[in-house]
>>> print(open('my_file_33.cif').read())   # mmCIF, C-alpha atoms
data_protein
#
loop_
_atom_site.group_PDB
_atom_site.id
_atom_site.type_symbol
_atom_site.label_atom_id
_atom_site.label_comp_id
_atom_site.auth_asym_id
_atom_site.auth_seq_id
_atom_site.Cartn_x
_atom_site.Cartn_y
_atom_site.Cartn_z
ATOM 1 C CA MET A 1 -52.881 -94.215 177.155
ATOM 2 C CA ARG A 2 -55.308 -94.306 180.081
ATOM 3 C CA PHE A 3 -58.111 -95.554 177.862
ATOM 4 C CA ALA A 4 -55.784 -98.033 176.124
ATOM 5 C CA GLU A 5 -54.908 -99.675 179.454
ATOM 6 C CA ILE A 6 -58.499 -100.307 180.535
ATOM 7 C CA PHE A 7 -59.527 -101.240 176.990
ATOM 8 C CA THR A 8 -56.784 -103.870 176.824
ATOM 9 C CA ALA A 9 -57.649 -105.171 180.303
ATOM 10 C CA GLY A 10 -61.311 -105.471 179.299
ATOM 11 C CA LEU A 11 -60.429 -107.239 176.061
ATOM 12 C CA LEU A 12 -58.168 -109.684 177.923
ATOM 13 C CA ALA A 13 -60.874 -110.272 180.546
ATOM 14 C CA LEU A 14 -63.383 -111.163 177.818
ATOM 15 C CA LEU A 15 -60.821 -113.457 176.182
ATOM 16 C CA SER A 16 -60.158 -115.105 179.561
ATOM 17 C CA ILE A 17 -63.851 -115.752 180.137
ATOM 18 C CA TYR A 18 -64.240 -117.181 176.633
ATOM 19 C CA LEU A 19 -61.219 -119.468 177.069
ATOM 20 C CA MET A 20 -62.504 -120.662 180.445
ATOM 21 C CA TRP A 21 -65.907 -121.398 178.924
ATOM 22 C CA LYS A 22 -64.426 -123.297 175.960
ATOM 23 C CA SER A 23 -61.946 -125.274 178.071
ATOM 24 C CA ALA A 24 -64.742 -126.256 180.475
ATOM 25 C CA GLU A 25 -66.193 -128.298 177.598
ATOM 26 C CA LEU A 26 -63.408 -130.746 178.476
ATOM 27 C CA ASP A 27 -62.832 -132.149 181.943
ATOM 28 C CA ILE A 28 -61.112 -129.490 184.065
ATOM 29 C CA GLY A 29 -60.687 -131.611 187.172
ATOM 30 C CA TYR A 30 -58.425 -134.484 188.110
ATOM 31 C CA ILE A 31 -59.152 -137.804 186.417
ATOM 32 C CA LYS A 32 -58.272 -140.730 188.671
ATOM 33 C CA GLY A 33 -55.440 -142.759 187.201
ATOM 34 C CA GLU A 34 -54.823 -140.282 184.364
ATOM 35 C CA GLY A 35 -54.089 -136.890 185.858
ATOM 36 C CA PRO A 36 -55.559 -133.494 184.960
ATOM 37 C CA GLY A 37 -58.325 -133.432 182.376
ATOM 38 C CA GLY A 38 -57.825 -131.969 178.916
ATOM 39 C CA GLY A 39 -59.301 -128.618 179.878
ATOM 40 C CA ALA A 40 -57.539 -128.215 183.233
ATOM 41 C CA TRP A 41 -54.471 -126.231 182.131
ATOM 42 C CA PRO A 42 -56.343 -123.890 179.766
ATOM 43 C CA PHE A 43 -59.128 -123.316 182.300
ATOM 44 C CA TRP A 44 -56.924 -122.486 185.279
ATOM 45 C CA LEU A 45 -54.447 -120.411 183.269
ATOM 46 C CA SER A 46 -57.361 -118.435 181.812
ATOM 47 C CA GLY A 47 -58.712 -117.974 185.326
ATOM 48 C CA LEU A 48 -55.325 -116.652 186.426
ATOM 49 C CA MET A 49 -55.319 -114.286 183.449
ATOM 50 C CA LEU A 50 -58.791 -113.063 184.467
ATOM 51 C CA ILE A 51 -57.539 -112.352 187.996
ATOM 52 C CA CYS A 52 -54.600 -110.402 186.535
ATOM 53 C CA THR A 53 -56.966 -108.261 184.457
ATOM 54 C CA GLY A 54 -58.780 -107.487 187.701
ATOM 55 C CA PHE A 55 -55.503 -106.200 189.172
ATOM 56 C CA ILE A 56 -54.955 -104.081 186.060
ATOM 57 C CA ALA A 57 -58.450 -102.616 186.402
ATOM 58 C CA PHE A 58 -57.881 -101.956 190.121
ATOM 59 C CA ASN A 59 -54.602 -100.158 189.374
ATOM 60 C CA TRP A 60 -56.365 -98.201 186.632
ATOM 61 C CA VAL A 61 -59.067 -97.005 189.031
ATOM 62 C CA LYS A 62 -56.469 -96.048 191.662
ATOM 63 C CA ARG A 63 -54.238 -94.469 188.935
ATOM 64 C CA VAL A 64 -51.213 -96.426 190.147
ATOM 65 C CA SER A 65 -49.598 -97.377 186.837
ATOM 66 C CA PRO A 66 -47.964 -94.815 184.521
ATOM 67 C CA PRO A 67 -50.471 -95.452 181.689
ATOM 68 C CA SER A 68 -53.412 -94.897 184.053
ATOM 69 C CA ARG A 69 -52.061 -91.427 184.917
ATOM 70 C CA SER A 70 -51.336 -90.508 181.304
ATOM 71 C CA ASP A 71 -53.295 -87.975 179.296
ATOM 72 C CA GLN A 72 -51.811 -89.179 175.999
ATOM 73 C CA PRO A 73 -54.132 -90.323 173.209
ATOM 74 C CA PHE A 74 -55.073 -94.003 172.755
ATOM 75 C CA LEU A 75 -51.988 -94.725 170.645
ATOM 76 C CA ASP A 76 -49.298 -92.077 170.696
ATOM 77 C CA SER A 77 -46.294 -92.455 168.382
ATOM 78 C CA TYR A 78 -44.219 -94.380 170.947
ATOM 79 C CA SER A 79 -47.059 -96.790 171.734
ATOM 80 C CA LEU A 80 -47.794 -97.399 168.068
ATOM 81 C CA ARG A 81 -44.095 -98.063 167.420
ATOM 82 C CA MET A 82 -43.946 -100.557 170.311
ATOM 83 C CA VAL A 83 -47.129 -102.322 169.171
ATOM 84 C CA LEU A 84 -45.626 -102.717 165.696
ATOM 85 C CA LEU A 85 -42.238 -103.891 167.014
ATOM 86 C CA VAL A 86 -43.700 -106.408 169.447
ATOM 87 C CA GLY A 87 -46.368 -107.531 166.959
ATOM 88 C CA GLY A 88 -43.733 -107.923 164.260
ATOM 89 C CA GLY A 89 -41.602 -109.956 166.649
ATOM 90 C CA LEU A 90 -44.530 -112.224 167.450
ATOM 91 C CA PHE A 91 -45.311 -112.598 163.754
ATOM 92 C CA GLY A 92 -41.674 -113.564 163.140
ATOM 93 C CA PHE A 93 -41.813 -116.035 166.045
ATOM 94 C CA ILE A 94 -44.873 -117.727 164.577
ATOM 95 C CA ALA A 95 -43.363 -117.786 161.075
ATOM 96 C CA LEU A 96 -40.077 -119.268 162.327
ATOM 97 C CA THR A 97 -41.791 -121.978 164.383
ATOM 98 C CA GLY A 98 -42.560 -124.018 161.285
ATOM 99 C CA ILE A 99 -39.010 -123.641 159.990
ATOM 100 C CA ILE A 100 -36.617 -123.892 162.944
ATOM 101 C CA SER A 101 -38.952 -125.357 165.617
ATOM 102 C CA MET A 102 -40.755 -123.846 168.568
ATOM 103 C CA TYR A 103 -37.577 -123.857 170.627
ATOM 104 C CA GLY A 104 -35.370 -122.262 167.965
ATOM 105 C CA ALA A 105 -37.973 -119.576 167.311
ATOM 106 C CA MET A 106 -38.191 -118.986 171.057
ATOM 107 C CA VAL A 107 -34.419 -118.376 171.243
ATOM 108 C CA ILE A 108 -34.542 -115.819 168.412
ATOM 109 C CA PHE A 109 -37.656 -114.090 169.774
ATOM 110 C CA LEU A 110 -36.167 -113.792 173.271
ATOM 111 C CA LEU A 111 -32.902 -112.433 171.854
ATOM 112 C CA TYR A 112 -34.868 -109.843 169.881
ATOM 113 C CA TYR A 113 -37.214 -108.941 172.714
ATOM 114 C CA LEU A 114 -34.710 -108.834 175.568
ATOM 115 C CA LYS A 115 -31.708 -107.264 173.837
ATOM 116 C CA PHE A 116 -33.168 -105.020 171.163
ATOM 117 C CA LEU A 117 -36.496 -104.017 172.661
ATOM 118 C CA GLY A 118 -35.690 -104.375 176.362
ATOM 119 C CA ARG A 119 -32.064 -103.227 176.089
ATOM 120 C CA HIS A 120 -30.904 -105.766 178.686
ATOM 121 C CA SER A 121 -27.284 -106.865 179.028
ATOM 122 C CA TRP A 122 -25.903 -109.561 176.752
ATOM 123 C CA SER A 123 -25.268 -111.875 179.708
ATOM 124 C CA LEU A 124 -28.874 -111.733 180.930
ATOM 125 C CA THR A 125 -30.185 -111.955 177.368
ATOM 126 C CA LEU A 126 -28.130 -115.044 176.537
ATOM 127 C CA VAL A 127 -28.913 -116.818 179.806
ATOM 128 C CA LEU A 128 -32.660 -116.293 179.397
ATOM 129 C CA SER A 129 -32.737 -116.844 175.619
ATOM 130 C CA VAL A 130 -31.064 -120.231 175.949
ATOM 131 C CA GLY A 131 -32.325 -121.242 179.402
ATOM 132 C CA ILE A 132 -36.043 -120.688 178.885
ATOM 133 C CA PRO A 133 -36.288 -122.915 175.766
ATOM 134 C CA ILE A 134 -34.321 -125.632 177.593
ATOM 135 C CA ILE A 135 -36.723 -125.460 180.545
ATOM 136 C CA PHE A 136 -39.685 -125.578 178.153
ATOM 137 C CA PHE A 137 -38.154 -128.568 176.345
ATOM 138 C CA ILE A 138 -37.661 -130.497 179.590
ATOM 139 C CA PHE A 139 -41.132 -129.569 180.844
ATOM 140 C CA PHE A 140 -43.068 -130.404 177.681
ATOM 141 C CA GLU A 141 -41.027 -133.155 176.050
ATOM 142 C CA ALA A 142 -39.670 -135.025 179.056
ATOM 143 C CA LEU A 143 -42.124 -134.449 181.876
ATOM 144 C CA MET A 144 -45.454 -134.012 180.108
ATOM 145 C CA ARG A 145 -44.580 -135.984 176.942
ATOM 146 C CA ILE A 146 -46.125 -133.289 174.754
ATOM 147 C CA THR A 147 -44.332 -132.714 171.473
ATOM 148 C CA LEU A 148 -44.156 -129.091 170.376
ATOM 149 C CA PRO A 149 -43.605 -128.204 166.698
ATOM 150 C CA LYS A 150 -40.155 -129.280 165.539
ATOM 151 C CA GLY A 151 -39.991 -127.317 162.292
ATOM 152 C CA LEU A 152 -38.456 -128.696 159.126
ATOM 153 C CA ASN A 153 -36.795 -132.101 159.071
ATOM 154 C CA PHE A 154 -33.270 -130.749 159.554
ATOM 155 C CA THR A 155 -33.987 -130.045 163.254
ATOM 156 C CA GLU A 156 -35.391 -133.505 164.048
ATOM 157 C CA PRO A 157 -32.028 -135.287 164.664
ATOM 158 C CA PHE A 158 -31.117 -132.655 167.255
ATOM 159 C CA TYR A 159 -34.336 -133.251 169.221
ATOM 160 C CA ASN A 160 -33.996 -137.022 168.911
ATOM 161 C CA TYR A 161 -30.523 -136.722 170.457
ATOM 162 C CA LEU A 162 -31.869 -134.562 173.304
ATOM 163 C CA ASN A 163 -34.630 -137.083 173.957
ATOM 164 C CA THR A 164 -32.052 -139.877 174.247
ATOM 165 C CA LEU A 165 -30.164 -137.797 176.828
ATOM 166 C CA ILE A 166 -33.330 -137.218 178.871
ATOM 167 C CA TYR A 167 -34.680 -140.768 178.795
#
>>> encode(input="my_file_33.cif", output="structure tokens")
Amino acid sequence: MRFAEIFTAGLLALLSIYLMWKSAELDIGYIKGEGPGGGAWPFWLSGLMLICTGFIAFNWVKRVSPPSRSDQPFLDSYSLRMVLLVGGGLFGFIALTGIISMYGAMVIFLLYYLKFLGRHSWSLTLVLSVGIPIIFFIFFEALMRITLPKGLNFTEPFYNYLNTLIY
């Protein structure tokens, strides 16, 4: 597990650098009269991710985290099981996005992740599983006017109704 932690941190650091480089092809600063450039959000979020990988590497060197103190192999049976469960959940999230919308898929993924993988209480699970997609909807649809995937046509009337409530 010790090697897996630093390997993952290194892989994420490389991905962060690549995403920063690619997003810098667009304007990453503030455009007068328009707001942030097209590459601003991806660039700064990738930079934040790079900083976080630095903290992971620091904790790895200091052996602070449980994986950094572990002598287990790269993927023990528990780790492999968790990778498959989380990866399967993400695969399901992506597959459901085109059917029941980004927000509907987010509700199902959070229910799965929080209740069945995280074993949190039903009250916390329901509050987060419903609240987070609502916050995302308000942030993207109302404030930033960015439309996220709405899935098949049967979900469109619901989002049209929500938009009328917001505007």
>>> atom_distance(input="my_file_33.cif", atom1="CA of Ile94 in chain A", atom2="CA of Phe137 in chain A")
17.4 Å
>>> atom_distance(input="my_file_33.cif", atom1="CA of Thr125 in chain A", atom2="CA of Gly92 in chain A")
18.4 Å
>>> resolve_selection(input="my_file_33.cif", expression="the PyMOL selection byres ((chain A and resi 149-153) around 12)", output="NGL selection string")
:A and (94-106 or 137 or 140-141 or 146-148 or 154-160)
>>> resolve_selection(input="my_file_33.cif", expression="the PyMOL selection byres ((chain A and resi 126) around 12)", output="VMD selection string")
chain A and resid 107 to 115 120 to 125 127 to 133
>>> residues_around(input="my_file_33.cif", residues="Met49 in chain A", least_positions_apart="2", cutoff="8 Å", atoms="all atoms listed in the file", output="list in words")
Leu12, Ala13, Ser16, Leu45, Ser46, Gly47, Ile51, Cys52 and Thr53 of chain A
>>> residues_around(input="my_file_33.cif", residues="Val86 in chain A", least_positions_apart="5", cutoff="9 Å", atoms="all atoms listed in the file", output="list of chain:residue names")
A:Arg81, A:Phe91, A:Tyr113, A:Leu117
>>> write_last_selection(input="my_file_33.cif", atoms="C-alpha atoms", output="PDB file, in the coordinates of the input")
ATOM      1  CA  ARG A  81     -44.095 -98.063 167.420  1.00  0.00           C
ATOM      2  CA  PHE A  91     -45.311-112.598 163.754  1.00  0.00           C
ATOM      3  CA  TYR A 113     -37.214-108.941 172.714  1.00  0.00           C
ATOM      4  CA  LEU A 117     -36.496-104.017 172.661  1.00  0.00           C
TER       5      LEU A 117
END
>>> resolve_selection(input="my_file_33.cif", expression="the PyMOL selection byres ((chain A and resi 21) around 12)", output="PyMOL selection string")
chain A and resi 14-20+22-28+39-40+42-44+46-47
>>> atom_distance(input="my_file_33.cif", atom1="CA of Ile134 in chain A", atom2="CA of Leu162 in chain A")
10.2 Å
>>> closest_residue(input="my_file_33.cif", among="A:Gly29, A:Pro66, A:Leu165, A:Ile56", to="Trp41 in chain A", atoms="all atoms listed in the file")
A:Gly29
>>> closest_residue(input="my_file_33.cif", among="A:Tyr161, A:Glu5, A:Ile138, A:Gly89", to="Arg63 in chain A", atoms="all atoms listed in the file")
A:Glu5
>>> residues_around(input="my_file_33.cif", residues="Ile6 in chain A", least_positions_apart="2", cutoff="8 Å", atoms="all atoms listed in the file", output="ChimeraX atom specification")
/A:2-4,8-10,56-57,60
>>> closest_residue(input="my_file_33.cif", among="A:Ala142, A:Asn59, A:Phe93, A:Leu84", to="Thr164 in chain A", atoms="all atoms listed in the file")
A:Ala142
>>> closest_residue(input="my_file_33.cif", among="A:Leu11, A:Val61, A:Met1, A:Leu50", to="Ser77 in chain A", atoms="all atoms listed in the file")
A:Met1
